[in-house]
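Structure file structure.cif with mmCIF, C-alpha atoms:
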data_model
#
loop_
_atom_site.label_atom_id
_atom_site.label_comp_id
_atom_site.auth_asym_id
_atom_site.auth_seq_id
_atom_site.Cartn_x
_atom_site.Cartn_y
_atom_site.Cartn_z
CA MET U 1 -10.51 18.81 -12.91
CA SER U 2 -12.87 17.77 -10.15
CA GLU U 3 -14.42 19.92 -7.48
CA SER U 4 -12.09 20.39 -4.50
CA GLU U 5 -9.15 18.97 -6.42
CA SER U 6 -5.73 20.43 -5.97
CA ASP U 7 -2.89 20.62 -8.49
CA PHE U 8 -0.55 19.42 -5.78
CA SER U 9 -2.16 16.07 -5.21
CA PRO U 10 -0.12 12.97 -6.08
CA TRP U 11 -2.61 12.12 -8.87
CA SER U 12 -2.55 15.36 -10.83
CA HIS U 13 0.57 14.71 -12.91
CA ALA U 14 -0.08 13.04 -16.27
CA SER U 15 2.40 10.21 -15.67
CA ALA U 16 0.86 9.50 -12.25
CA ASN U 17 -2.57 9.40 -13.82
CA LYS U 18 -1.37 6.99 -16.50
CA TRP U 19 0.16 4.75 -13.81
CA LEU U 20 -3.16 4.69 -11.92
CA GLY U 21 -4.97 3.67 -15.11
CA MET U 22 -2.50 0.80 -15.50
CA ILE U 23 -3.06 -0.29 -11.88
CA PHE U 24 -6.85 -0.39 -12.34
CA SER U 25 -6.58 -2.21 -15.64
CA ARG U 26 -4.01 -4.88 -14.66
CA SER U 27 -5.58 -5.62 -11.29
CA GLU U 28 -9.09 -5.89 -12.83
CA LEU U 29 -10.21 -4.18 -9.66
CA ILE U 30 -13.44 -2.79 -11.06
CA ASP U 31 -14.48 -6.24 -12.33
CA GLU U 32 -13.82 -7.57 -8.84
CA PHE U 33 -15.95 -4.80 -7.26
CA GLU U 34 -18.76 -5.65 -9.67
CA ARG U 35 -18.59 -9.37 -8.89
CA TRP U 36 -18.66 -8.52 -5.21
CA ALA U 37 -21.60 -6.14 -5.58
CA SER U 38 -23.61 -8.64 -7.61
CA ARG U 39 -24.17 -10.77 -4.50
CA ASP U 40 -27.33 -10.29 -2.51
CA THR U 41 -27.38 -9.36 1.15
CA GLU U 42 -27.81 -12.99 2.16
CA HIS U 43 -24.37 -13.71 0.75
CA LEU U 44 -22.74 -10.47 1.77
CA SER U 45 -22.09 -9.79 5.44
CA GLU U 46 -22.38 -6.27 6.81
CA TYR U 47 -18.58 -6.26 7.11
CA GLN U 48 -18.13 -7.13 3.44
CA LEU U 49 -20.71 -4.54 2.43
CA ARG U 50 -18.96 -1.89 4.51
CA LEU U 51 -15.59 -2.84 3.05
CA LEU U 52 -16.92 -2.69 -0.51
CA THR U 53 -18.57 0.70 0.06
CA SER U 54 -15.53 2.13 1.86
CA LEU U 55 -13.05 1.02 -0.79
CA LEU U 56 -15.27 2.57 -3.45
CA VAL U 57 -15.39 5.84 -1.48
CA ILE U 58 -11.58 5.91 -1.24
CA LEU U 59 -10.74 4.74 -4.75
CA GLY U 60 -13.75 6.51 -6.28
CA HIS U 61 -12.02 9.85 -5.75
CA PRO U 62 -12.37 11.61 -9.13
CA SER U 63 -8.62 11.88 -9.65
CA ILE U 64 -7.99 8.26 -8.72
CA TRP U 65 -10.88 6.41 -10.41
CA PRO U 66 -10.39 6.16 -14.20
CA GLU U 67 -12.43 8.82 -15.96
CA GLU U 68 -13.62 6.44 -18.69
CA GLU U 69 -15.05 4.12 -16.02
CA GLN U 70 -17.21 6.76 -14.36
CA ALA U 71 -20.43 5.05 -15.45
CA ARG U 72 -19.36 1.86 -13.69
CA LEU U 73 -18.69 3.81 -10.48
CA SER U 74 -22.22 5.24 -10.69
CA LYS U 75 -23.72 1.78 -11.13
CA LEU U 76 -21.67 0.43 -8.23
CA ALA U 77 -22.76 3.35 -6.04
CA MET U 78 -26.42 2.71 -6.86
CA ARG U 79 -25.99 -1.00 -6.22
CA ALA U 80 -24.25 -0.38 -2.88
CA HIS U 81 -27.05 2.00 -1.89
CA SER U 82 -29.62 -0.63 -2.70
CA LEU U 83 -27.71 -3.30 -0.73
CA VAL U 84 -27.51 -0.98 2.26
CA ARG U 85 -31.26 -0.37 2.03
CA ASN U 86 -31.91 -4.13 1.83
CA TYR U 87 -29.69 -4.66 4.82
CA ARG U 88 -31.76 -2.13 6.78
CA GLU U 89 -35.07 -3.67 5.76
CA GLU U 90 -34.16 -7.29 6.28
CA LYS U 91 -36.28 -8.86 8.93
CA ARG U 92 -34.14 -10.18 11.74
CA SER U 93 -35.00 -12.66 14.41
CA ALA U 94 -35.35 -11.40 17.95
CA GLN U 95 -32.17 -9.69 19.09
CA SER U 96 -30.72 -8.92 22.45
CA VAL U 97 -30.40 -5.24 23.40
CA ALA U 98 -26.65 -5.40 22.78
CA GLU U 99 -27.15 -6.97 19.34
CA HIS U 100 -29.76 -4.38 18.48
CA GLN U 101 -27.44 -1.51 19.51
CA PHE U 102 -24.54 -2.98 17.57
CA ARG U 103 -26.69 -3.40 14.47
CA GLN U 104 -27.92 0.17 14.75
CA GLN U 105 -24.34 1.45 14.90
CA VAL U 106 -23.37 -0.61 11.86
CA GLN U 107 -26.42 0.69 10.03
CA GLN U 108 -25.54 4.29 10.85
CA ASP U 109 -22.00 3.81 9.57
CA LEU U 110 -23.27 2.08 6.44
CA ASP U 111 -25.71 4.93 5.75
CA VAL U 112 -22.89 7.49 5.92
CA GLU U 113 -20.58 5.37 3.77
CA ALA U 114 -23.28 4.82 1.14
CA GLU U 115 -24.06 8.55 1.07
CA LEU U 116 -20.34 9.39 0.70
CA LEU U 117 -20.22 7.01 -2.24
CA ARG U 118 -23.34 8.50 -3.84
CA ARG U 119 -21.70 11.92 -3.58
CA ARG U 120 -18.48 10.61 -5.12
CA ALA U 121 -20.45 9.29 -8.07
CA ASN U 122 -22.40 12.56 -8.27
CA ILE U 123 -25.69 10.75 -7.71
CA SER U 124 -26.53 12.49 -4.47
CA LYS U 125 -26.91 16.26 -4.71
CA ARG U 126 -26.92 16.81 -0.96
CA THR U 127 -24.36 19.32 0.22
CA ASN U 128 -24.60 19.12 4.00
CA LYS U 129 -21.31 18.33 5.72
CA LEU U 130 -20.91 14.64 6.47
CA THR U 131 -18.97 13.43 9.46
CA LEU U 132 -16.96 10.29 8.80
CA PRO U 133 -18.16 7.20 10.67
CA LYS U 134 -16.71 6.85 14.16
CA SER U 135 -14.93 3.67 13.15
CA TRP U 136 -12.89 5.67 10.61
CA TYR U 137 -11.36 7.49 13.54
CA ARG U 138 -7.79 8.64 12.90
CA PHE U 139 -7.90 7.83 9.20
CA TRP U 140 -4.89 10.00 8.42
CA ASN U 141 -2.79 9.22 11.45
CA MET E 1 2.39 -3.58 -8.46
CA ILE E 2 2.39 -0.82 -5.86
CA GLU E 3 5.41 -2.29 -4.12
CA GLN E 4 7.22 -2.80 -7.45
CA THR E 5 6.64 0.84 -8.34
CA LEU E 6 7.90 1.97 -4.94
CA ARG E 7 11.15 0.08 -5.58
CA ASN E 8 11.86 2.07 -8.75
CA ASP E 9 14.44 4.84 -9.01
CA PRO E 10 12.88 8.07 -7.67
CA LYS E 11 14.97 10.08 -10.12
CA LYS E 12 13.36 8.31 -13.06
CA PHE E 13 9.78 7.84 -11.81
CA PRO E 14 9.05 10.47 -9.12
CA HIS E 15 5.38 10.99 -10.00
CA GLN E 16 4.55 7.29 -10.26
CA ILE E 17 6.31 6.59 -6.95
CA ARG E 18 4.52 9.46 -5.21
CA CYS E 19 1.22 8.15 -6.57
CA ALA E 20 2.04 4.64 -5.29
CA ALA E 21 2.91 6.15 -1.88
CA SER E 22 -0.48 7.89 -1.82
CA LEU E 23 -2.17 4.49 -2.25
CA VAL E 24 -0.11 3.20 0.66
CA ILE E 25 -1.41 6.11 2.76
CA LEU E 26 -4.99 5.35 1.73
CA LEU E 27 -5.05 1.56 1.73
CA CYS E 28 -2.12 0.11 3.63
CA ARG E 29 -3.90 -0.64 6.91
CA GLU E 30 -4.23 -3.62 9.21
CA GLY E 31 -7.18 -5.77 8.22
CA LEU E 32 -7.36 -4.24 4.76
CA TRP E 33 -3.94 -4.64 3.13
CA PRO E 34 -3.16 -8.26 2.20
CA VAL E 35 -0.17 -9.54 4.16
CA ARG E 36 1.71 -12.77 3.48
CA ILE E 37 3.18 -13.37 6.92
CA SER E 38 2.50 -10.59 9.42
CA ASN E 39 1.42 -6.99 9.83
CA ASP E 40 5.12 -6.05 9.97
CA GLU E 41 4.87 -6.02 6.16
CA ILE E 42 2.60 -2.99 6.42
CA VAL E 43 5.17 -1.16 8.53
CA GLU E 44 7.93 -2.11 6.07
CA LEU E 45 5.94 -0.95 3.05
CA ALA E 46 5.12 2.36 4.76
CA ALA E 47 8.83 2.77 5.57
CA LEU E 48 9.78 2.09 1.94
CA ALA E 49 7.24 4.64 0.72
CA ARG E 50 8.54 7.13 3.27
CA ARG E 51 12.17 6.71 2.18
CA GLN E 52 11.26 7.15 -1.47
CA LEU E 53 9.07 10.21 -0.83
CA THR E 54 11.88 11.76 1.22
CA GLN E 55 14.25 11.29 -1.72
CA ILE E 56 11.71 12.81 -4.10
CA LYS E 57 11.31 15.82 -1.84
CA GLN E 58 15.08 16.27 -1.64
CA MET E 59 15.31 15.98 -5.42
CA PHE E 60 12.59 18.60 -6.01
CA SER E 61 14.24 20.81 -3.43
CA ALA E 62 17.67 20.50 -5.10
CA GLU E 63 16.15 21.27 -8.51
CA SER E 64 14.48 24.36 -7.12
CA ARG E 65 17.77 25.76 -5.83
CA ALA E 66 18.86 26.08 -9.46
CA LYS E 67 15.63 27.92 -10.22
CA PRO E 68 14.96 30.53 -7.50
CA GLU E 69 12.02 31.86 -9.51
CA VAL E 70 10.32 28.50 -8.85
CA ALA E 71 11.52 28.03 -5.28
CA ASN E 72 10.06 31.35 -4.17
CA THR E 73 6.55 30.67 -5.40
CA GLU E 74 3.60 29.88 -3.17
CA GLU E 75 2.91 26.82 -5.34
CA PHE E 76 6.33 25.34 -4.67
CA ARG E 77 5.99 25.94 -0.93
CA LEU E 78 2.61 24.16 -0.96
CA LEU E 79 4.11 21.22 -2.84
CA MET E 80 6.90 20.91 -0.24
CA LYS E 81 4.40 21.21 2.61
CA THR E 82 2.22 18.53 1.03
CA LEU E 83 5.18 16.17 0.63
CA ASP E 84 6.10 16.73 4.30
CA GLU E 85 2.54 15.89 5.33
CA GLU E 86 2.49 12.77 3.17
CA ILE E 87 5.74 11.67 4.85
CA ARG E 88 4.18 12.28 8.27
CA CYS E 89 1.12 10.18 7.34
CA LEU E 90 3.53 7.35 6.50
CA ASP E 91 5.36 7.88 9.79
CA ALA E 92 2.05 7.47 11.57
CA ARG E 93 1.30 4.25 9.67
CA GLY E 94 4.52 2.75 10.93
CA SER E 95 4.10 3.96 14.51
CA ASP E 96 2.69 1.87 17.36
CA VAL E 97 1.24 4.95 19.04
CA PRO E 98 -0.85 7.74 17.46
CA LEU E 99 1.36 10.66 16.50
CA ASN E 100 0.47 14.18 17.44
CA ILE E 101 -0.37 15.31 13.92
CA PRO E 102 -3.64 16.66 12.50
CA ASN E 103 -6.09 13.99 11.42
CA GLU E 104 -6.49 15.59 8.00
CA PRO E 105 -5.42 14.83 4.46
CA PRO E 106 -2.21 16.48 3.25
CA SER E 107 -2.85 20.13 2.30
CA GLY E 108 -2.33 19.69 -1.44
CA TRP E 109 -4.87 16.86 -1.68
CA GLY E 110 -7.77 19.29 -1.41
CA ALA E 111 -11.00 18.31 0.36
CA PHE E 112 -10.45 14.58 -0.07
CA TRP E 113 -13.85 13.31 1.12
CA ASP E 114 -15.87 15.97 -0.69
CA ALA E 115 -14.18 15.62 -4.06
CA LYS E 116 -16.45 14.60 -6.92
CA LYS E 117 -16.64 15.05 -10.65
CA SER E 118 -17.74 18.56 -11.56
#
What would the structure in this file look like if it were written as structure tokens?
Amino acid sequence: MSESESDFSPWSHASANKWLGMIFSRSELIDEFERWASRDTEHLSEYQLRLLTSLLVILGHPSIWPEEEQARLSKLAMRAHSLVRNYREEKRSAQSVAEHQFRQQVQQDLDVEAELLRRRANISKRTNKLTLPKSWYRFWN
Amino acid sequence: MIEQTLRNDPKKFPHQIRCAASLVILLCREGLWPVRISNDEIVELAALARRQLTQIKQMFSAESRAKPEVANTEEFRLLMKTLDEEIRCLDARGSDVPLNIPNEPPSGWGAFWDAKKS
């Protein structure tokens, strides 16, 4: 069982877990994530990068992501981290103040999402409390 | 596949249906969930998941009445509370206005964002 996992989650029952395994396998979702992550930042917009990272955070929950595919989650988390870093370091042409502010906000959100993913994959050992990005406001309702 | 599972008989596949409903809670959102015609499909899928979860809760509740030793446990109460909260999350997904419910994962899901392999 994972840290912070509860026996009352919808994924804890053996038949639920088997169903999840079937969903991952038939949808070839992990292959699709890998194809997506193999692009470089020139061919991956910040929106696509955020979507990839966010979906991996959600589906990378230890009771949802297939246990036997943990190594692939780690590789995807490292790749996403590297893409986020590239995105930050890319030289951009002159921007307006508004563009600069927008880009900074996107970068902040991406940094949090990439760190959440690194924690999911047990790559990051940081334990400080992370606040979800502002744009994830009202995730549960 | 998620929708197909949700259309199954809750008496036969309660755990698979609940698991499918949890993916609806997590992923069935405007701009993320693929829709064929309109975003009404998201509302309809959330409503389907809600109906099925409600039946599952009623089924568990009926079963527990035959076993008071189960019904009176803290574990069973937490399971019922969690199912209620999952149903409320689905209500919120189908609502045009934010509902006055806590912006937190259902109680039995643990610390959702902090969970990682131990």
Taking only residues of chain E that have an atom at most 10 Å from an atom of chain U, what is each one's shortest atom pair and its distance in Å to one decimal, using only C-alpha atoms, in chain and number order, as JSON lines?
{"residue": "E:Met1", "atom": "CA", "partner": "U:Ile23", "partner_atom": "CA", "distance": 7.2}
{"residue": "E:Ile2", "atom": "CA", "partner": "U:Ile23", "partner_atom": "CA", "distance": 8.1}
{"residue": "E:Thr5", "atom": "CA", "partner": "U:Trp19", "partner_atom": "CA", "distance": 9.3}
{"residue": "E:Phe13", "atom": "CA", "partner": "U:Ser15", "partner_atom": "CA", "distance": 8.7}
{"residue": "E:Pro14", "atom": "CA", "partner": "U:Ala16", "partner_atom": "CA", "distance": 8.8}
{"residue": "E:His15", "atom": "CA", "partner": "U:Ala16", "partner_atom": "CA", "distance": 5.3}
{"residue": "E:Gln16", "atom": "CA", "partner": "U:Ala16", "partner_atom": "CA", "distance": 4.7}
{"residue": "E:Ile17", "atom": "CA", "partner": "U:Ala16", "partner_atom": "CA", "distance": 8.1}
{"residue": "E:Arg18", "atom": "CA", "partner": "U:Pro10", "partner_atom": "CA", "distance": 5.9}
{"residue": "E:Cys19", "atom": "CA", "partner": "U:Pro10", "partner_atom": "CA", "distance": 5.0}
{"residue": "E:Ala20", "atom": "CA", "partner": "U:Leu20", "partner_atom": "CA", "distance": 8.4}
{"residue": "E:Ala21", "atom": "CA", "partner": "U:Pro10", "partner_atom": "CA", "distance": 8.6}
{"residue": "E:Ser22", "atom": "CA", "partner": "U:Pro10", "partner_atom": "CA", "distance": 6.6}
{"residue": "E:Leu23", "atom": "CA", "partner": "U:Leu59", "partner_atom": "CA", "distance": 8.9}
{"residue": "E:Ile25", "atom": "CA", "partner": "U:Trp140", "partner_atom": "CA", "distance": 7.7}
{"residue": "E:Leu26", "atom": "CA", "partner": "U:Ile58", "partner_atom": "CA", "distance": 7.3}
{"residue": "E:Leu27", "atom": "CA", "partner": "U:Ile58", "partner_atom": "CA", "distance": 8.4}
{"residue": "E:Arg29", "atom": "CA", "partner": "U:Phe139", "partner_atom": "CA", "distance": 9.6}
{"residue": "E:Leu32", "atom": "CA", "partner": "U:Leu51", "partner_atom": "CA", "distance": 8.5}
{"residue": "E:Glu75", "atom": "CA", "partner": "U:Phe8", "partner_atom": "CA", "distance": 8.2}
{"residue": "E:Phe76", "atom": "CA", "partner": "U:Phe8", "partner_atom": "CA", "distance": 9.1}
{"residue": "E:Leu78", "atom": "CA", "partner": "U:Phe8", "partner_atom": "CA", "distance": 7.5}
{"residue": "E:Leu79", "atom": "CA", "partner": "U:Phe8", "partner_atom": "CA", "distance": 5.8}
{"residue": "E:Met80", "atom": "CA", "partner": "U:Phe8", "partner_atom": "CA", "distance": 9.4}
{"residue": "E:Lys81", "atom": "CA", "partner": "U:Phe8", "partner_atom": "CA", "distance": 9.9}
{"residue": "E:Thr82", "atom": "CA", "partner": "U:Phe8", "partner_atom": "CA", "distance": 7.4}
{"residue": "E:Leu83", "atom": "CA", "partner": "U:Pro10", "partner_atom": "CA", "distance": 9.1}
{"residue": "E:Glu85", "atom": "CA", "partner": "U:Trp140", "partner_atom": "CA", "distance": 10.0}
{"residue": "E:Glu86", "atom": "CA", "partner": "U:Trp140", "partner_atom": "CA", "distance": 9.5}
{"residue": "E:Arg88", "atom": "CA", "partner": "U:Asn141", "partner_atom": "CA", "distance": 8.2}
{"residue": "E:Cys89", "atom": "CA", "partner": "U:Asn141", "partner_atom": "CA", "distance": 5.8}
{"residue": "E:Leu90", "atom": "CA", "partner": "U:Asn141", "partner_atom": "CA", "distance": 8.2}
{"residue": "E:Asp91", "atom": "CA", "partner": "U:Asn141", "partner_atom": "CA", "distance": 8.4}
{"residue": "E:Ala92", "atom": "CA", "partner": "U:Asn141", "partner_atom": "CA", "distance": 5.1}
{"residue": "E:Arg93", "atom": "CA", "partner": "U:Asn141", "partner_atom": "CA", "distance": 6.7}
{"residue": "E:Gly94", "atom": "CA", "partner": "U:Asn141", "partner_atom": "CA", "distance": 9.8}
{"residue": "E:Ser95", "atom": "CA", "partner": "U:Asn141", "partner_atom": "CA", "distance": 9.2}
{"residue": "E:Val97", "atom": "CA", "partner": "U:Asn141", "partner_atom": "CA", "distance": 9.6}
{"residue": "E:Pro98", "atom": "CA", "partner": "U:Asn141", "partner_atom": "CA", "distance": 6.5}
{"residue": "E:Leu99", "atom": "CA", "partner": "U:Asn141", "partner_atom": "CA", "distance": 6.7}
{"residue": "E:Asn100", "atom": "CA", "partner": "U:Asn141", "partner_atom": "CA", "distance": 8.4}
{"residue": "E:Ile101", "atom": "CA", "partner": "U:Asn141", "partner_atom": "CA", "distance": 7.0}
{"residue": "E:Pro102", "atom": "CA", "partner": "U:Asn141", "partner_atom": "CA", "distance": 7.6}
{"residue": "E:Asn103", "atom": "CA", "partner": "U:Trp140", "partner_atom": "CA", "distance": 5.1}
{"residue": "E:Glu104", "atom": "CA", "partner": "U:Trp140", "partner_atom": "CA", "distance": 5.8}
{"residue": "E:Pro105", "atom": "CA", "partner": "U:Trp140", "partner_atom": "CA", "distance": 6.3}
{"residue": "E:Pro106", "atom": "CA", "partner": "U:Ser9", "partner_atom": "CA", "distance": 8.5}
{"residue": "E:Ser107", "atom": "CA", "partner": "U:Phe8", "partner_atom": "CA", "distance": 8.4}
{"residue": "E:Gly108", "atom": "CA", "partner": "U:Phe8", "partner_atom": "CA", "distance": 4.7}
{"residue": "E:Trp109", "atom": "CA", "partner": "U:Ser9", "partner_atom": "CA", "distance": 4.5}
{"residue": "E:Gly110", "atom": "CA", "partner": "U:Ser6", "partner_atom": "CA", "distance": 5.1}
{"residue": "E:Ala111", "atom": "CA", "partner": "U:Ser4", "partner_atom": "CA", "distance": 5.4}
{"residue": "E:Phe112", "atom": "CA", "partner": "U:Ser4", "partner_atom": "CA", "distance": 7.5}
{"residue": "E:Trp113", "atom": "CA", "partner": "U:Leu116", "partner_atom": "CA", "distance": 7.6}
{"residue": "E:Asp114", "atom": "CA", "partner": "U:Ser4", "partner_atom": "CA", "distance": 7.0}
{"residue": "E:Ala115", "atom": "CA", "partner": "U:Ser4", "partner_atom": "CA", "distance": 5.2}
{"residue": "E:Lys116", "atom": "CA", "partner": "U:Arg120", "partner_atom": "CA", "distance": 4.8}
{"residue": "E:Lys117", "atom": "CA", "partner": "U:Ser2", "partner_atom": "CA", "distance": 4.7}
{"residue": "E:Ser118", "atom": "CA", "partner": "U:Ser2", "partner_atom": "CA", "distance": 5.1}
Would you write out those residues with C-alpha atoms, as a CSV table (one decimal), in the coordinates of the input?
chain,number,residue,atom,x,y,z
E,1,MET,CA,2.4,-3.6,-8.5
E,2,ILE,CA,2.4,-0.8,-5.9
E,5,THR,CA,6.6,0.8,-8.3
E,13,PHE,CA,9.8,7.8,-11.8
E,14,PRO,CA,9.0,10.5,-9.1
E,15,HIS,CA,5.4,11.0,-10.0
E,16,GLN,CA,4.6,7.3,-10.3
E,17,ILE,CA,6.3,6.6,-7.0
E,18,ARG,CA,4.5,9.5,-5.2
E,19,CYS,CA,1.2,8.2,-6.6
E,20,ALA,CA,2.0,4.6,-5.3
E,21,ALA,CA,2.9,6.2,-1.9
E,22,SER,CA,-0.5,7.9,-1.8
E,23,LEU,CA,-2.2,4.5,-2.2
E,25,ILE,CA,-1.4,6.1,2.8
E,26,LEU,CA,-5.0,5.4,1.7
E,27,LEU,CA,-5.0,1.6,1.7
E,29,ARG,CA,-3.9,-0.6,6.9
E,32,LEU,CA,-7.4,-4.2,4.8
E,75,GLU,CA,2.9,26.8,-5.3
E,76,PHE,CA,6.3,25.3,-4.7
E,78,LEU,CA,2.6,24.2,-1.0
E,79,LEU,CA,4.1,21.2,-2.8
E,80,MET,CA,6.9,20.9,-0.2
E,81,LYS,CA,4.4,21.2,2.6
E,82,THR,CA,2.2,18.5,1.0
E,83,LEU,CA,5.2,16.2,0.6
E,85,GLU,CA,2.5,15.9,5.3
E,86,GLU,CA,2.5,12.8,3.2
E,88,ARG,CA,4.2,12.3,8.3
E,89,CYS,CA,1.1,10.2,7.3
E,90,LEU,CA,3.5,7.4,6.5
E,91,ASP,CA,5.4,7.9,9.8
E,92,ALA,CA,2.0,7.5,11.6
E,93,ARG,CA,1.3,4.2,9.7
E,94,GLY,CA,4.5,2.8,10.9
E,95,SER,CA,4.1,4.0,14.5
E,97,VAL,CA,1.2,5.0,19.0
E,98,PRO,CA,-0.8,7.7,17.5
E,99,LEU,CA,1.4,10.7,16.5
E,100,ASN,CA,0.5,14.2,17.4
E,101,ILE,CA,-0.4,15.3,13.9
E,102,PRO,CA,-3.6,16.7,12.5
E,103,ASN,CA,-6.1,14.0,11.4
E,104,GLU,CA,-6.5,15.6,8.0
E,105,PRO,CA,-5.4,14.8,4.5
E,106,PRO,CA,-2.2,16.5,3.2
E,107,SER,CA,-2.8,20.1,2.3
E,108,GLY,CA,-2.3,19.7,-1.4
E,109,TRP,CA,-4.9,16.9,-1.7
E,110,GLY,CA,-7.8,19.3,-1.4
E,111,ALA,CA,-11.0,18.3,0.4
E,112,PHE,CA,-10.4,14.6,-0.1
E,113,TRP,CA,-13.8,13.3,1.1
E,114,ASP,CA,-15.9,16.0,-0.7
E,115,ALA,CA,-14.2,15.6,-4.1
E,116,LYS,CA,-16.4,14.6,-6.9
E,117,LYS,CA,-16.6,15.0,-10.6
E,118,SER,CA,-17.7,18.6,-11.6
Evaluate the PyMOL selection byres ((chain E and resi 11) around 9) here and jot the selected residues down as an mmCIF file with C-alpha atoms, in the frame of the given file.
data_model
loop_
_atom_site.group_PDB
_atom_site.id
_atom_site.type_symbol
_atom_site.label_atom_id
_atom_site.label_comp_id
_atom_site.auth_asym_id
_atom_site.auth_seq_id
_atom_site.Cartn_x
_atom_site.Cartn_y
_atom_site.Cartn_z
ATOM 1 C CA ASN E 8 11.860 2.070 -8.750
ATOM 2 C CA ASP E 9 14.440 4.840 -9.010
ATOM 3 C CA PRO E 10 12.880 8.070 -7.670
ATOM 4 C CA LYS E 12 13.360 8.310 -13.060
ATOM 5 C CA PHE E 13 9.780 7.840 -11.810
ATOM 6 C CA PRO E 14 9.050 10.470 -9.120
ATOM 7 C CA GLN E 55 14.250 11.290 -1.720
ATOM 8 C CA ILE E 56 11.710 12.810 -4.100
ATOM 9 C CA MET E 59 15.310 15.980 -5.420
#
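For the choices U:Val84, U:Trp36, U:Ser25, U:Ser96, the atom-to-atom distance to Pro66 of chain U is smallest for U:Ser25 when using only C-alpha atoms.
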Find the smallest box with edges along x, y and z containing every listed atom of segment 50-61 of chain E, then add 8 Å on each side and report centre and edge lengths in Å to one decimal, as JSON.
{"center_x": 11.9, "center_y": 13.8, "center_z": -1.4, "size_x": 22.8, "size_y": 30.1, "size_z": 25.3}
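Note that atom CA of Glu41 of chain E and atom CA of Lys57 of chain E are 24.1 Å apart.
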query = Pick the closest to Ala77 of chain U from U:Glu99, U:Asp40, U:Glu34, U:Glu89: which is it, counting all atoms listed in the file?
reply = U:Glu34
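Here atom CA of Cys28 of chain E stands at a distance of 14.0 Å from atom CA of Ile87 of chain E.
Atom pair atom CA of Gln4 of chain E / atom CA of Ile30 of chain U has a distance of 21.0 Å (rounded to one decimal).
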query = Which residues fall under the PyMOL selection byres ((chain U and resi 52) around 10) in this file, as number ranges by chain?
reply = U: 33-34, 36-37, 44, 46-51, 53-57, 76, 80, 113-114
Mind writing the picked residues with C-alpha atoms as a CSV table (one decimal), in the frame of the given file?
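Listed below is the output, again31.csv:
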chain,number,residue,atom,x,y,z
U,33,PHE,CA,-16.0,-4.8,-7.3
U,34,GLU,CA,-18.8,-5.6,-9.7
U,36,TRP,CA,-18.7,-8.5,-5.2
U,37,ALA,CA,-21.6,-6.1,-5.6
U,44,LEU,CA,-22.7,-10.5,1.8
U,46,GLU,CA,-22.4,-6.3,6.8
U,47,TYR,CA,-18.6,-6.3,7.1
U,48,GLN,CA,-18.1,-7.1,3.4
U,49,LEU,CA,-20.7,-4.5,2.4
U,50,ARG,CA,-19.0,-1.9,4.5
U,51,LEU,CA,-15.6,-2.8,3.0
U,53,THR,CA,-18.6,0.7,0.1
U,54,SER,CA,-15.5,2.1,1.9
U,55,LEU,CA,-13.0,1.0,-0.8
U,56,LEU,CA,-15.3,2.6,-3.4
U,57,VAL,CA,-15.4,5.8,-1.5
U,76,LEU,CA,-21.7,0.4,-8.2
U,80,ALA,CA,-24.2,-0.4,-2.9
U,113,GLU,CA,-20.6,5.4,3.8
U,114,ALA,CA,-23.3,4.8,1.1
message = Would you pick out the contacts of Ala71 of chain E at 10 Å or less, using all atoms listed in the file, so that residues sharing its chain but fewer than 4 positions from it are not included, and give the list as an MDAnalysis selection string?
response = chainID E and resid 60:67 75:77 80
message = So, with only C-alpha atoms as the atoms that count, which of U:Ser38, U:Gln95, U:Asn128, U:Ser135 lies closest to Lys75 of chain U?
response = U:Ser38
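Candidate residues U:Gln101, U:Arg39, U:Glu68, U:Val106 were compared for distance to Ser82 of chain U, and the nearest is U:Arg39, using all atoms listed in the file.
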query = Which is closest to Glu69 of chain U among U:Glu115, U:Leu29, U:Asp109, U:Glu42, if we use all atoms listed in the file?
reply = U:Leu29
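Using only C-alpha atoms for every distance, the candidate list E:Gln52, E:Val70, E:Gln58, E:Glu44 yields E:Gln52 as the residue closest to Leu6 of chain E.
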